[in-house]
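What follows is a single structure, written as structure tokens, with notes after it.
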Amino acid sequence: MVELAPAVQPADWPAVGPIDLLAQDPPHASATSEWWYVNTHLETADGAAYSLFASFFRSVVDRDPATGAPRHAHSVTWALCDPVTGRYHANALVDPHSPEIIRRQVADGRWVGDDLLRQAILDVVEKGAVPLPDRLMARPADVESDTLRLDFDGNRLVKDRDGCYRLDLIDDERSVGACLTFEPAVPPIRHGDHGVVRGADDEDMFYYSIPWCRVAGTLTLEGRELPVRAGQGWYDHEFGRPRVLDTGEVLREDIAWNWMALQLDGGRAVSVYELFDRRGCDRGRWAIVVDPNGTPTRYDTFVLEPLEQWTSARTFREYPTRWRLAIPAAGLSLTVAAAFEGQEFITVIKPPAFWEGRVHVAGSLAGAPARGLGFVERSGFDPVERVDRFFGAVGRQVRRSVAELLPREPTPAQALRLVASERHAHYLDGLSIAQYARVVIDPLRDIIDRGGKAWRSYGLLACCDLVGGNPQEFMAWLAVPELLHTGSLIVDDVQDRSAVRRGGPSCHVVYGEPLAINAGTTAYFVGQVLLANSNLPAADQLRIYDLYFEALRAAHAGQAIDIDGHRELGMDAVELGRGELLERRVLAAHRLKSAVPARSLAMVGAILGGGTAEETGVAGDYFERLGLAFQIVDDALNLRGFERDLKTRGEDLAEGKLTLPVAKALSRLPLAERRQLWRTIADKPRDPDDVAAAIALVAESGALDACEEQARELVEDGWRRLDAQFPDSQVKLMLRAFGQYVLERQY
């Protein structure tokens with residue numbers, strides 16, 4: 001491999017040759033970005049295995065206006081991995097000035113996200129807070145300039161006189177911590193090109209590692225101190241500065257990376273690092289194999305291939321959790337697999353999250369078997385830049401959850417679960433499973449697989465997370481709201497004689513009305529399979545049954561009212577100019593059809609998460625208001641026009657339907673114009689000019705603006721209560737952004 005040094009190296013970067021740790025470990029005056037990192041795999045005196053990593057960050061955020069001296073922000077992230085229980089104890093402490101720093105980043109356009117996400121984070125930082133799980137340091141970081149001595153609110157990394165690194169970590173709230181010593185066993189090695197790589201913002205960074213350390217000390221877990229019997233560790237240090245053009249322009253570009261630090265039995269180590277820009281273009285790839293004496297061999301040709309993916313139920317980001325690593329020139333072929341999947345680290349430091357965790361390694365090196373342990377970090381890929389893209393990711397997982405519950409070719413065991421139960425296996429005697437799939441599953445999957453709005457499903461898992469539960473345990477439940485909603489759409493299309501649904505023919509057009517009605521009603525009951533096979537307490541199961549069937553009763557009542565309409569009230573409103581009762585009737589149908597199911601499903605999520613009665617009620621209230629606001633905005637958009645013409649403008653009016661904007665207009669227009677509007681609606685106009693004229697009357701009355709204001713008041717009232725009930729967190733950010741998305745959506 002041809003190794004290239006940067007065009008201009010800062011004076012305190014080491015020249016080619018051995019690295020002097022006394023000079024390079026302490027903070028660097030020239031560095032605008034710097035971090036120190038350790039990881040370790042430990043065996044405690046009781047024979048239990050754990051892994052841990054910790055990163056201490058320091059970066060220049062501005063300069064003192066009087067002296068020009070740099071002012072730094074600091075943060076520390078660390079996690080303790082328990083491979084037996086699958087618990088991931090993640091901790092992040094950020095600088096006390098982080099709220100102001102984030103506010104400036106948003107103002108400068110350096111914060112990832114659309115306007116809705118940026119406003120959501122601003123709402124938090126303007127309180128002087130950061131969203132959980134991040135926490136503010138209680139006091140400023142203490143960093144010495146001439147030696148490595150970092151103290152970030154009691155979390156410390158110190159270089160001893162004997163050359164060892166002492167790590168102290170503490171999380172008093174959860175009684176988790178560590179007191180460990182890392183003793184280097186091999187010399188430091190350079191990564192990248194003579195030690196030079198790109199940083200997270202495309203800076204020039206100098207990067208070196210000590211890939212083997214002996215580790216001793218103690219862990220603290222749930223308040224118990226656990227002595228370490230054996231431990232192996234890894235140390236990294238990276239520091240650098242932005243790249244600057246001759247014009248003075250600072251080059252900035254988000255960089256994503258895959259990184260592996262693998263320690264093999266027998267004292268060998270493997271380090272792999274690959275960088276990509278936002279377009280997915282290669283910004284550097286390096287692999288290093290270190291022998292037991294610490295001698296590195298570098299390779300620029302290798303294969304790093306993801307084999308399995310895992311989706312987070314919190315961020316809906318996908319992460320590889322099993323890899324194939326091959327370095328042909330080294331005779332190395334390894335499978336690298338996560339000890340457990342849920343090792344996602346959620347933080348504003350790298351929003352919304354990155355994946356870093358313990359991995360198990362097996363394969364061969366130079367013709368001999370190779371096994372070991374390691375850490376993998378994946379960061380910066382697929383940033384959530386827009387709320388609609390986030391819900392696109394949710395939708396993909398919803399469809400996967402539905403496919404797992406309703407496979408198109410079910411096995412006998414799956415068919416038994418869907419149709420009957422273990423206790424009543426004889427119900428399937430003589431059943432053709434292929435026929436069942438064709439006439440029940442296929443009609444549902446054909447509609448669901450086309451995609452759709454996934455916010456109802458997200459609401460269930462978000463409320464589980466909001467109350468402190470683990471939504472990952474309930475990923476399969478994403479199918480329940482989608483099935484409920486899709487069932488209602490299929491039946492609704494039969495009732496309305498609608499020929500198109502989600503960009504394709506409606507279910508009854510393809511399968512006929514009898515099978516469509518049957519499939520639609522089947523969808524209401526399939527979700528019960530998940531509840532019946534859960535380990536929830538009987539009392540919680542009963543609460544969920546009550547909520548779910550209450551939602552079904554309400555939705556069917558609302559649908560009947562919507563079908564029957566409000567013609568007699570419309571005539572009274574025209575002659576008297578009072579549409580208030582008509583408005584209430586329309587809102588009642590919206591509430592029953594859309595808002596009550598949204599509320600019930602949100603409350604189900606809160607129950608799954610172990611929320612209190614008060615928490616469950618507040619979460620449900622917010623989603624009831626969102627559901628009602630969603631339909632009000634939908635009524636207004638039907639007349640204003642949908643983005644990309646996804647629906648025909650004025651479609652409701654052309655069908656003679658009395659929607660909320662029409663009801664409001666009948667309270668605002670003069671008598672002659674009310675009568676004109678009423679005649680047009682009663683005639684179910686097909687002439688585009690007639691439809692446009694009626695829409696113009698509604699718009700001129702101010703009814704569309706009034707609808708949008710009413711929707712905004714509903715969302716804001718619900719948000720105020722939810723905001724007061726729950727601490728700020730990443731899930732709250734998304735719920736806040738989604739509430740605004742409901743109000744501002746154009747489709």
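Going through the structure tokens in order, the chains are called A, B, and so on, while each chain numbers its residues from 1 and the ligands are numbered from 1 in the order shown.
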Checklist entry - If we count only C-alpha atoms, what is near region 569-586 of chain A at a cut-off of 12 Å, once residues fewer than 6 positions away on the same chain are taken out, given as number ranges by chain? => result A: 558-559, 561-563, 592-593, 628, 631-632, 635, 656-679, 681-682, 703, 706-707, 710
Restricting the output to N, CA and C atoms, write the selected residues as a short mmCIF file (atom, residue, chain, number, x, y, z; two decimals), in the first residue's frame.
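Below is the file out-v7.cif, written as the result:
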data_model
loop_
_atom_site.label_atom_id
_atom_site.label_comp_id
_atom_site.auth_asym_id
_atom_site.auth_seq_id
_atom_site.Cartn_x
_atom_site.Cartn_y
_atom_site.Cartn_z
N GLY A 558 -67.88 5.21 14.23
CA GLY A 558 -67.49 6.36 13.42
C GLY A 558 -67.65 6.11 11.94
N GLN A 559 -67.32 4.91 11.51
CA GLN A 559 -67.46 4.57 10.09
C GLN A 559 -68.93 4.61 9.66
N ILE A 561 -71.34 6.42 10.98
CA ILE A 561 -71.75 7.83 10.92
C ILE A 561 -71.21 8.48 9.67
N ASP A 562 -69.93 8.17 9.33
CA ASP A 562 -69.31 8.77 8.15
C ASP A 562 -70.03 8.33 6.87
N ILE A 563 -70.43 7.07 6.81
CA ILE A 563 -71.14 6.57 5.62
C ILE A 563 -72.51 7.25 5.50
N LEU A 592 -63.96 9.06 16.48
CA LEU A 592 -64.25 7.63 16.63
C LEU A 592 -63.46 6.78 15.64
N LYS A 593 -63.34 7.25 14.39
CA LYS A 593 -62.67 6.45 13.36
C LYS A 593 -61.16 6.45 13.51
N LEU A 628 -56.90 13.07 15.77
CA LEU A 628 -57.95 14.01 15.38
C LEU A 628 -57.37 15.11 14.50
N GLN A 631 -56.78 13.98 10.88
CA GLN A 631 -57.96 13.96 10.03
C GLN A 631 -58.41 15.37 9.67
N ILE A 632 -58.27 16.31 10.58
CA ILE A 632 -58.64 17.70 10.27
C ILE A 632 -57.75 18.24 9.17
N ASP A 635 -58.72 16.76 5.87
CA ASP A 635 -59.88 17.45 5.28
C ASP A 635 -59.45 18.72 4.56
N GLY A 656 -69.89 14.74 -2.63
CA GLY A 656 -71.00 15.26 -1.83
C GLY A 656 -70.80 15.11 -0.34
N LYS A 657 -69.55 15.03 0.08
CA LYS A 657 -69.26 14.78 1.49
C LYS A 657 -69.13 16.09 2.25
N LEU A 658 -69.74 16.14 3.43
CA LEU A 658 -69.65 17.32 4.29
C LEU A 658 -68.46 17.15 5.24
N THR A 659 -67.36 17.80 4.92
CA THR A 659 -66.16 17.71 5.74
C THR A 659 -66.08 18.92 6.66
N LEU A 660 -65.08 18.93 7.52
CA LEU A 660 -64.97 20.01 8.50
C LEU A 660 -64.81 21.38 7.85
N PRO A 661 -63.98 21.54 6.81
CA PRO A 661 -63.90 22.87 6.20
C PRO A 661 -65.25 23.36 5.66
N VAL A 662 -66.03 22.44 5.11
CA VAL A 662 -67.35 22.84 4.60
C VAL A 662 -68.24 23.27 5.76
N ALA A 663 -68.21 22.50 6.85
CA ALA A 663 -69.03 22.86 8.02
C ALA A 663 -68.65 24.23 8.54
N LYS A 664 -67.35 24.52 8.60
CA LYS A 664 -66.92 25.84 9.08
C LYS A 664 -67.32 26.94 8.09
N ALA A 665 -67.24 26.64 6.80
CA ALA A 665 -67.61 27.64 5.80
C ALA A 665 -69.08 28.01 5.90
N LEU A 666 -69.91 27.04 6.25
CA LEU A 666 -71.35 27.31 6.35
C LEU A 666 -71.68 28.21 7.53
N SER A 667 -70.75 28.43 8.43
CA SER A 667 -70.95 29.40 9.51
C SER A 667 -70.37 30.76 9.16
N ARG A 668 -69.67 30.86 8.04
CA ARG A 668 -68.92 32.07 7.73
C ARG A 668 -69.41 32.79 6.47
N LEU A 669 -69.95 32.05 5.53
CA LEU A 669 -70.32 32.65 4.25
C LEU A 669 -71.68 33.34 4.33
N PRO A 670 -71.92 34.35 3.49
CA PRO A 670 -73.26 34.94 3.36
C PRO A 670 -74.25 33.90 2.84
N LEU A 671 -75.54 34.16 3.05
CA LEU A 671 -76.57 33.19 2.71
C LEU A 671 -76.50 32.76 1.25
N ALA A 672 -76.35 33.70 0.34
CA ALA A 672 -76.34 33.35 -1.09
C ALA A 672 -75.19 32.40 -1.41
N GLU A 673 -74.04 32.68 -0.84
CA GLU A 673 -72.88 31.83 -1.13
C GLU A 673 -73.01 30.48 -0.41
N ARG A 674 -73.66 30.47 0.76
CA ARG A 674 -73.91 29.19 1.43
C ARG A 674 -74.79 28.32 0.56
N ARG A 675 -75.85 28.90 0.01
CA ARG A 675 -76.75 28.13 -0.85
C ARG A 675 -76.03 27.65 -2.11
N GLN A 676 -75.19 28.51 -2.67
CA GLN A 676 -74.44 28.12 -3.86
C GLN A 676 -73.51 26.94 -3.55
N LEU A 677 -72.82 27.01 -2.41
CA LEU A 677 -71.92 25.92 -2.01
C LEU A 677 -72.70 24.64 -1.77
N TRP A 678 -73.84 24.77 -1.12
CA TRP A 678 -74.65 23.59 -0.81
C TRP A 678 -75.16 22.93 -2.10
N ARG A 679 -75.61 23.73 -3.06
CA ARG A 679 -76.12 23.16 -4.31
C ARG A 679 -75.00 22.40 -5.03
N ILE A 681 -72.31 20.95 -3.73
CA ILE A 681 -71.99 19.70 -3.03
C ILE A 681 -73.10 18.67 -3.24
N ALA A 682 -74.36 19.12 -3.17
CA ALA A 682 -75.48 18.20 -3.32
C ALA A 682 -75.50 17.56 -4.70
N ALA A 703 -62.25 29.12 6.22
CA ALA A 703 -62.48 27.83 6.88
C ALA A 703 -61.23 26.95 6.87
N ALA A 706 -58.95 28.11 9.50
CA ALA A 706 -59.53 27.80 10.81
C ALA A 706 -59.32 26.33 11.16
N CYS A 707 -59.43 25.45 10.16
CA CYS A 707 -59.18 24.02 10.39
C CYS A 707 -57.73 23.80 10.83
N GLN A 710 -57.25 24.94 14.35
CA GLN A 710 -57.85 24.01 15.31
C GLN A 710 -56.96 22.79 15.50
#
Next on the checklist: I want to know what sits within 9 Å of Gly374 (chain A), based on only C-alpha atoms, with residues of the same chain fewer than 6 positions away left out; could you give that as JSON, numbers by chain?
Outcome noted: {"A": [39, 40, 41, 51, 260, 261, 262, 263, 264, 336, 357, 358, 359, 360, 361]}
Would you put the residues from that selection into a file with all heavy atoms, as an mmCIF file, in the first residue's frame?
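Output saved as result_8.cif:
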data_model
loop_
_atom_site.group_PDB
_atom_site.id
_atom_site.type_symbol
_atom_site.label_atom_id
_atom_site.label_comp_id
_atom_site.auth_asym_id
_atom_site.auth_seq_id
_atom_site.Cartn_x
_atom_site.Cartn_y
_atom_site.Cartn_z
ATOM 1 N N ASN A 39 -10.944 0.001 25.235
ATOM 2 C CA ASN A 39 -11.934 -1.055 25.412
ATOM 3 C C ASN A 39 -11.268 -2.231 26.086
ATOM 4 O O ASN A 39 -10.032 -2.347 26.089
ATOM 5 C CB ASN A 39 -12.626 -1.436 24.101
ATOM 6 C CG ASN A 39 -11.740 -2.197 23.131
ATOM 7 O OD1 ASN A 39 -11.043 -3.142 23.510
ATOM 8 N ND2 ASN A 39 -11.782 -1.805 21.857
ATOM 9 N N THR A 40 -12.069 -3.104 26.650
ATOM 10 C CA THR A 40 -11.514 -4.246 27.373
ATOM 11 C C THR A 40 -12.523 -5.377 27.447
ATOM 12 O O THR A 40 -13.744 -5.144 27.443
ATOM 13 C CB THR A 40 -11.080 -3.843 28.794
ATOM 14 O OG1 THR A 40 -10.552 -4.973 29.474
ATOM 15 C CG2 THR A 40 -12.251 -3.297 29.599
ATOM 16 N N HIS A 41 -12.003 -6.592 27.500
ATOM 17 C CA HIS A 41 -12.794 -7.794 27.732
ATOM 18 C C HIS A 41 -12.300 -8.397 29.044
ATOM 19 O O HIS A 41 -11.100 -8.640 29.215
ATOM 20 C CB HIS A 41 -12.622 -8.783 26.577
ATOM 21 C CG HIS A 41 -12.907 -8.170 25.243
ATOM 22 N ND1 HIS A 41 -14.176 -7.868 24.827
ATOM 23 C CD2 HIS A 41 -12.074 -7.778 24.238
ATOM 24 C CE1 HIS A 41 -14.124 -7.338 23.622
ATOM 25 N NE2 HIS A 41 -12.856 -7.265 23.241
ATOM 26 N N SER A 51 -17.613 -6.926 28.772
ATOM 27 C CA SER A 51 -16.784 -6.071 27.925
ATOM 28 C C SER A 51 -17.179 -4.623 28.189
ATOM 29 O O SER A 51 -18.321 -4.340 28.593
ATOM 30 C CB SER A 51 -16.963 -6.410 26.443
ATOM 31 O OG SER A 51 -16.483 -7.710 26.165
ATOM 32 N N MET A 260 -13.107 -1.938 13.474
ATOM 33 C CA MET A 260 -13.005 -3.173 14.244
ATOM 34 C C MET A 260 -11.680 -3.205 14.991
ATOM 35 O O MET A 260 -10.629 -2.874 14.421
ATOM 36 C CB MET A 260 -13.090 -4.399 13.329
ATOM 37 C CG MET A 260 -14.426 -4.619 12.686
ATOM 38 S SD MET A 260 -14.456 -6.161 11.729
ATOM 39 C CE MET A 260 -16.191 -6.206 11.259
ATOM 40 N N ALA A 261 -11.730 -3.612 16.244
ATOM 41 C CA ALA A 261 -10.545 -3.863 17.058
ATOM 42 C C ALA A 261 -10.677 -5.289 17.588
ATOM 43 O O ALA A 261 -11.447 -5.536 18.518
ATOM 44 C CB ALA A 261 -10.456 -2.863 18.202
ATOM 45 N N LEU A 262 -9.954 -6.214 16.966
ATOM 46 C CA LEU A 262 -10.110 -7.636 17.262
ATOM 47 C C LEU A 262 -8.842 -8.163 17.922
ATOM 48 O O LEU A 262 -7.723 -7.907 17.444
ATOM 49 C CB LEU A 262 -10.385 -8.419 15.979
ATOM 50 C CG LEU A 262 -11.466 -7.849 15.041
ATOM 51 C CD1 LEU A 262 -11.582 -8.706 13.788
ATOM 52 C CD2 LEU A 262 -12.800 -7.737 15.757
ATOM 53 N N GLN A 263 -9.005 -8.900 18.995
ATOM 54 C CA GLN A 263 -7.883 -9.517 19.707
ATOM 55 C C GLN A 263 -8.042 -11.030 19.636
ATOM 56 O O GLN A 263 -9.032 -11.580 20.138
ATOM 57 C CB GLN A 263 -7.851 -9.036 21.162
ATOM 58 C CG GLN A 263 -7.570 -7.539 21.273
ATOM 59 C CD GLN A 263 -7.686 -7.020 22.694
ATOM 60 O OE1 GLN A 263 -8.633 -7.355 23.406
ATOM 61 N NE2 GLN A 263 -6.732 -6.206 23.113
ATOM 62 N N LEU A 264 -7.071 -11.691 18.979
ATOM 63 C CA LEU A 264 -7.142 -13.128 18.754
ATOM 64 C C LEU A 264 -6.329 -13.870 19.802
ATOM 65 O O LEU A 264 -5.331 -13.357 20.328
ATOM 66 C CB LEU A 264 -6.623 -13.463 17.355
ATOM 67 C CG LEU A 264 -7.287 -12.722 16.184
ATOM 68 C CD1 LEU A 264 -6.678 -13.173 14.872
ATOM 69 C CD2 LEU A 264 -8.793 -12.933 16.192
ATOM 70 N N VAL A 336 -17.131 -12.340 12.180
ATOM 71 C CA VAL A 336 -17.206 -11.430 13.322
ATOM 72 C C VAL A 336 -18.681 -11.243 13.648
ATOM 73 O O VAL A 336 -19.441 -10.717 12.823
ATOM 74 C CB VAL A 336 -16.540 -10.081 12.995
ATOM 75 C CG1 VAL A 336 -16.625 -9.139 14.187
ATOM 76 C CG2 VAL A 336 -15.087 -10.284 12.567
ATOM 77 N N GLY A 357 -20.143 -2.401 20.111
ATOM 78 C CA GLY A 357 -20.340 -3.468 21.069
ATOM 79 C C GLY A 357 -19.366 -4.615 20.920
ATOM 80 O O GLY A 357 -18.545 -4.677 19.996
ATOM 81 N N ARG A 358 -19.498 -5.518 21.862
ATOM 82 C CA ARG A 358 -18.669 -6.723 21.923
ATOM 83 C C ARG A 358 -19.030 -7.660 20.780
ATOM 84 O O ARG A 358 -20.207 -7.890 20.489
ATOM 85 C CB ARG A 358 -18.891 -7.413 23.269
ATOM 86 C CG ARG A 358 -18.267 -8.809 23.405
ATOM 87 C CD ARG A 358 -18.590 -9.374 24.759
ATOM 88 N NE ARG A 358 -18.264 -10.807 24.865
ATOM 89 C CZ ARG A 358 -17.508 -11.337 25.818
ATOM 90 N NH1 ARG A 358 -16.990 -10.551 26.754
ATOM 91 N NH2 ARG A 358 -17.282 -12.634 25.857
ATOM 92 N N VAL A 359 -17.973 -8.237 20.167
ATOM 93 C CA VAL A 359 -18.171 -9.224 19.111
ATOM 94 C C VAL A 359 -17.308 -10.447 19.404
ATOM 95 O O VAL A 359 -16.289 -10.372 20.099
ATOM 96 C CB VAL A 359 -17.805 -8.651 17.718
ATOM 97 C CG1 VAL A 359 -18.760 -7.547 17.317
ATOM 98 C CG2 VAL A 359 -16.358 -8.158 17.676
ATOM 99 N N HIS A 360 -17.755 -11.592 18.876
ATOM 100 C CA HIS A 360 -17.014 -12.840 18.964
ATOM 101 C C HIS A 360 -16.431 -13.151 17.594
ATOM 102 O O HIS A 360 -17.100 -12.957 16.571
ATOM 103 C CB HIS A 360 -17.918 -13.965 19.439
ATOM 104 C CG HIS A 360 -18.413 -13.771 20.839
ATOM 105 N ND1 HIS A 360 -19.462 -14.503 21.371
ATOM 106 C CD2 HIS A 360 -18.017 -12.931 21.829
ATOM 107 C CE1 HIS A 360 -19.678 -14.129 22.620
ATOM 108 N NE2 HIS A 360 -18.816 -13.166 22.913
ATOM 109 N N VAL A 361 -15.199 -13.623 17.569
ATOM 110 C CA VAL A 361 -14.453 -13.801 16.328
ATOM 111 C C VAL A 361 -14.059 -15.262 16.187
ATOM 112 O O VAL A 361 -13.584 -15.882 17.147
ATOM 113 C CB VAL A 361 -13.188 -12.912 16.329
ATOM 114 C CG1 VAL A 361 -12.460 -13.031 14.993
ATOM 115 C CG2 VAL A 361 -13.549 -11.461 16.625
#
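Of the listed residues A:Arg71, A:Arg502, A:Arg118, A:His508, the one whose atoms come nearest to Arg103 (chain A) is A:Arg118, with distances taken using only C-alpha atoms.
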Item to check | Residues flagged strand (DSSP E) by DSSP in region 83-331 of chain A, as a PyMOL selection string | outcome: chain A and resi 87-94+134-136+142-143+149-152+155-159+165-171+176-184+189-190+196-198+204-221+224-241+243-244+250-251+256-264+268-276+282-290+296-299+303-311+318-327
Same residues, C-alpha atoms, saved as a compact mmCIF listing (two decimals), in the first residue's frame:
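For reference, part.txt as written:
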# COMPACT_ATOMS: atom_id res chain seq x y z
CA ARG A 87 -27.82 -5.92 28.90
CA TYR A 88 -26.07 -2.85 27.53
CA HIS A 89 -25.36 -0.25 30.23
CA ALA A 90 -24.77 2.88 28.13
CA ASN A 91 -23.74 6.22 29.63
CA ALA A 92 -23.11 9.62 28.06
CA LEU A 93 -22.11 12.81 29.86
CA VAL A 94 -21.90 15.99 27.82
CA ASP A 134 -27.46 12.00 27.57
CA ARG A 135 -26.88 13.89 30.80
CA LEU A 136 -25.16 17.18 31.50
CA ASP A 142 -10.78 19.15 34.19
CA VAL A 143 -8.03 18.58 31.60
CA ARG A 149 -5.11 13.54 33.13
CA LEU A 150 -8.80 13.83 32.22
CA ASP A 151 -11.59 14.24 34.77
CA PHE A 152 -15.05 14.49 33.23
CA ASN A 155 -15.08 9.80 34.97
CA ARG A 156 -11.31 9.78 34.66
CA LEU A 157 -8.54 8.64 32.34
CA VAL A 158 -5.07 9.20 33.80
CA LYS A 159 -1.60 8.21 32.58
CA TYR A 165 -3.59 4.11 31.96
CA ARG A 166 -6.02 4.25 34.86
CA LEU A 167 -9.72 4.36 34.02
CA ASP A 168 -12.43 5.32 36.52
CA LEU A 169 -16.07 5.30 35.41
CA ILE A 170 -19.15 5.89 37.51
CA ASP A 171 -22.91 5.95 37.04
CA VAL A 176 -22.59 0.79 37.54
CA GLY A 177 -18.92 1.64 37.20
CA ALA A 178 -15.33 0.51 36.76
CA CYS A 179 -11.89 1.08 38.23
CA LEU A 180 -9.36 -0.43 35.81
CA THR A 181 -5.68 -0.19 34.93
CA PHE A 182 -4.44 -0.73 31.35
CA GLU A 183 -0.79 -1.78 31.12
CA PRO A 184 0.56 -1.65 27.55
CA ILE A 189 1.13 1.47 16.08
CA ARG A 190 0.00 4.02 13.50
CA VAL A 196 -3.24 10.08 9.14
CA VAL A 197 -6.97 9.47 8.66
CA ARG A 198 -10.12 11.56 8.22
CA ASP A 204 -6.95 15.64 9.10
CA MET A 205 -6.46 13.40 12.15
CA PHE A 206 -3.46 11.59 13.57
CA TYR A 207 -4.39 8.16 14.90
CA TYR A 208 -2.42 5.55 16.84
CA SER A 209 -3.30 2.48 18.90
CA ILE A 210 -1.92 0.13 21.52
CA PRO A 211 -3.74 -3.07 20.49
CA TRP A 212 -2.83 -5.18 23.53
CA CYS A 213 -2.91 -4.14 27.19
CA ARG A 214 -3.09 -6.16 30.37
CA VAL A 215 -6.11 -5.05 32.40
CA ALA A 216 -6.78 -5.38 36.13
CA GLY A 217 -9.11 -3.78 38.65
CA THR A 218 -12.80 -4.00 39.54
CA LEU A 219 -16.24 -3.56 37.98
CA THR A 220 -19.30 -2.30 39.80
CA LEU A 221 -22.63 -3.73 38.73
CA ARG A 224 -21.74 -5.00 43.75
CA GLU A 225 -17.99 -4.71 43.37
CA LEU A 226 -16.62 -7.46 41.12
CA PRO A 227 -12.84 -8.06 41.14
CA VAL A 228 -11.31 -8.71 37.72
CA ARG A 229 -9.51 -12.06 37.42
CA ALA A 230 -8.27 -11.59 33.85
CA GLY A 231 -8.52 -8.82 31.29
CA GLN A 232 -7.20 -7.71 27.91
CA GLY A 233 -7.50 -4.17 26.62
CA TRP A 234 -7.02 -1.77 23.72
CA TYR A 235 -6.05 1.93 23.71
CA ASP A 236 -6.58 4.52 20.92
CA HIS A 237 -5.77 8.20 20.63
CA GLU A 238 -6.72 10.49 17.75
CA PHE A 239 -6.26 14.23 17.32
CA GLY A 240 -6.34 16.69 14.45
CA ARG A 241 -7.66 19.81 12.86
CA ARG A 243 -8.56 20.95 6.39
CA VAL A 244 -8.34 24.55 5.16
CA VAL A 250 -12.76 25.15 6.11
CA LEU A 251 -13.65 21.85 4.44
CA ALA A 256 -19.20 7.50 8.25
CA TRP A 257 -17.11 4.55 9.30
CA ASN A 258 -16.86 0.88 10.15
CA TRP A 259 -14.16 0.10 12.71
CA MET A 260 -13.00 -3.17 14.24
CA ALA A 261 -10.55 -3.86 17.06
CA LEU A 262 -10.11 -7.64 17.26
CA GLN A 263 -7.88 -9.52 19.71
CA LEU A 264 -7.14 -13.13 18.75
CA ARG A 268 -2.40 -11.33 17.68
CA ALA A 269 -4.57 -8.31 16.95
CA VAL A 270 -6.46 -7.12 13.88
CA SER A 271 -7.52 -3.54 13.27
CA VAL A 272 -9.82 -2.63 10.38
CA TYR A 273 -11.00 0.86 9.52
CA GLU A 274 -12.97 2.08 6.50
CA LEU A 275 -14.34 5.57 5.93
CA PHE A 276 -17.07 6.86 3.61
CA ASP A 282 -14.43 5.54 -0.18
CA ARG A 283 -12.42 7.95 1.98
CA GLY A 284 -9.84 5.43 3.18
CA ARG A 285 -9.56 1.71 3.99
CA TRP A 286 -6.92 0.14 6.18
CA ALA A 287 -6.35 -3.25 7.75
CA ILE A 288 -3.50 -4.03 10.14
CA VAL A 289 -2.48 -7.40 11.56
CA VAL A 290 -0.26 -7.15 14.66
CA PRO A 296 2.22 -4.44 12.47
CA THR A 297 1.69 -5.49 8.86
CA ARG A 298 -0.55 -3.23 6.82
CA TYR A 299 -2.92 -4.27 4.02
CA VAL A 303 -13.11 -7.73 2.23
CA LEU A 304 -15.47 -6.55 4.95
CA GLU A 305 -18.93 -7.86 4.14
CA PRO A 306 -22.04 -7.57 6.33
CA LEU A 307 -23.94 -10.86 6.59
CA GLU A 308 -26.83 -10.09 8.95
CA GLN A 309 -28.70 -6.91 9.87
CA TRP A 310 -30.48 -5.78 13.00
CA THR A 311 -33.03 -2.96 13.23
CA GLU A 318 -30.21 -0.88 10.53
CA TYR A 319 -26.84 -2.14 11.72
CA PRO A 320 -24.80 -5.14 10.56
CA THR A 321 -24.34 -7.56 13.45
CA ARG A 322 -22.44 -10.30 11.64
CA TRP A 323 -19.57 -9.75 9.21
CA ARG A 324 -17.15 -11.64 7.02
CA LEU A 325 -13.61 -10.25 7.17
CA ALA A 326 -11.01 -11.58 4.74
CA ILE A 327 -7.45 -10.36 4.18
Item to check | region 450-460 of chain A environment, 8 Å, only C-alpha atoms, sequence neighbours closer than 2 positions dropped, as a ChimeraX atom specification | outcome: /A:391-392,394-396,398-399,446-448,462-464,477-482,502-503,598,601-606,623
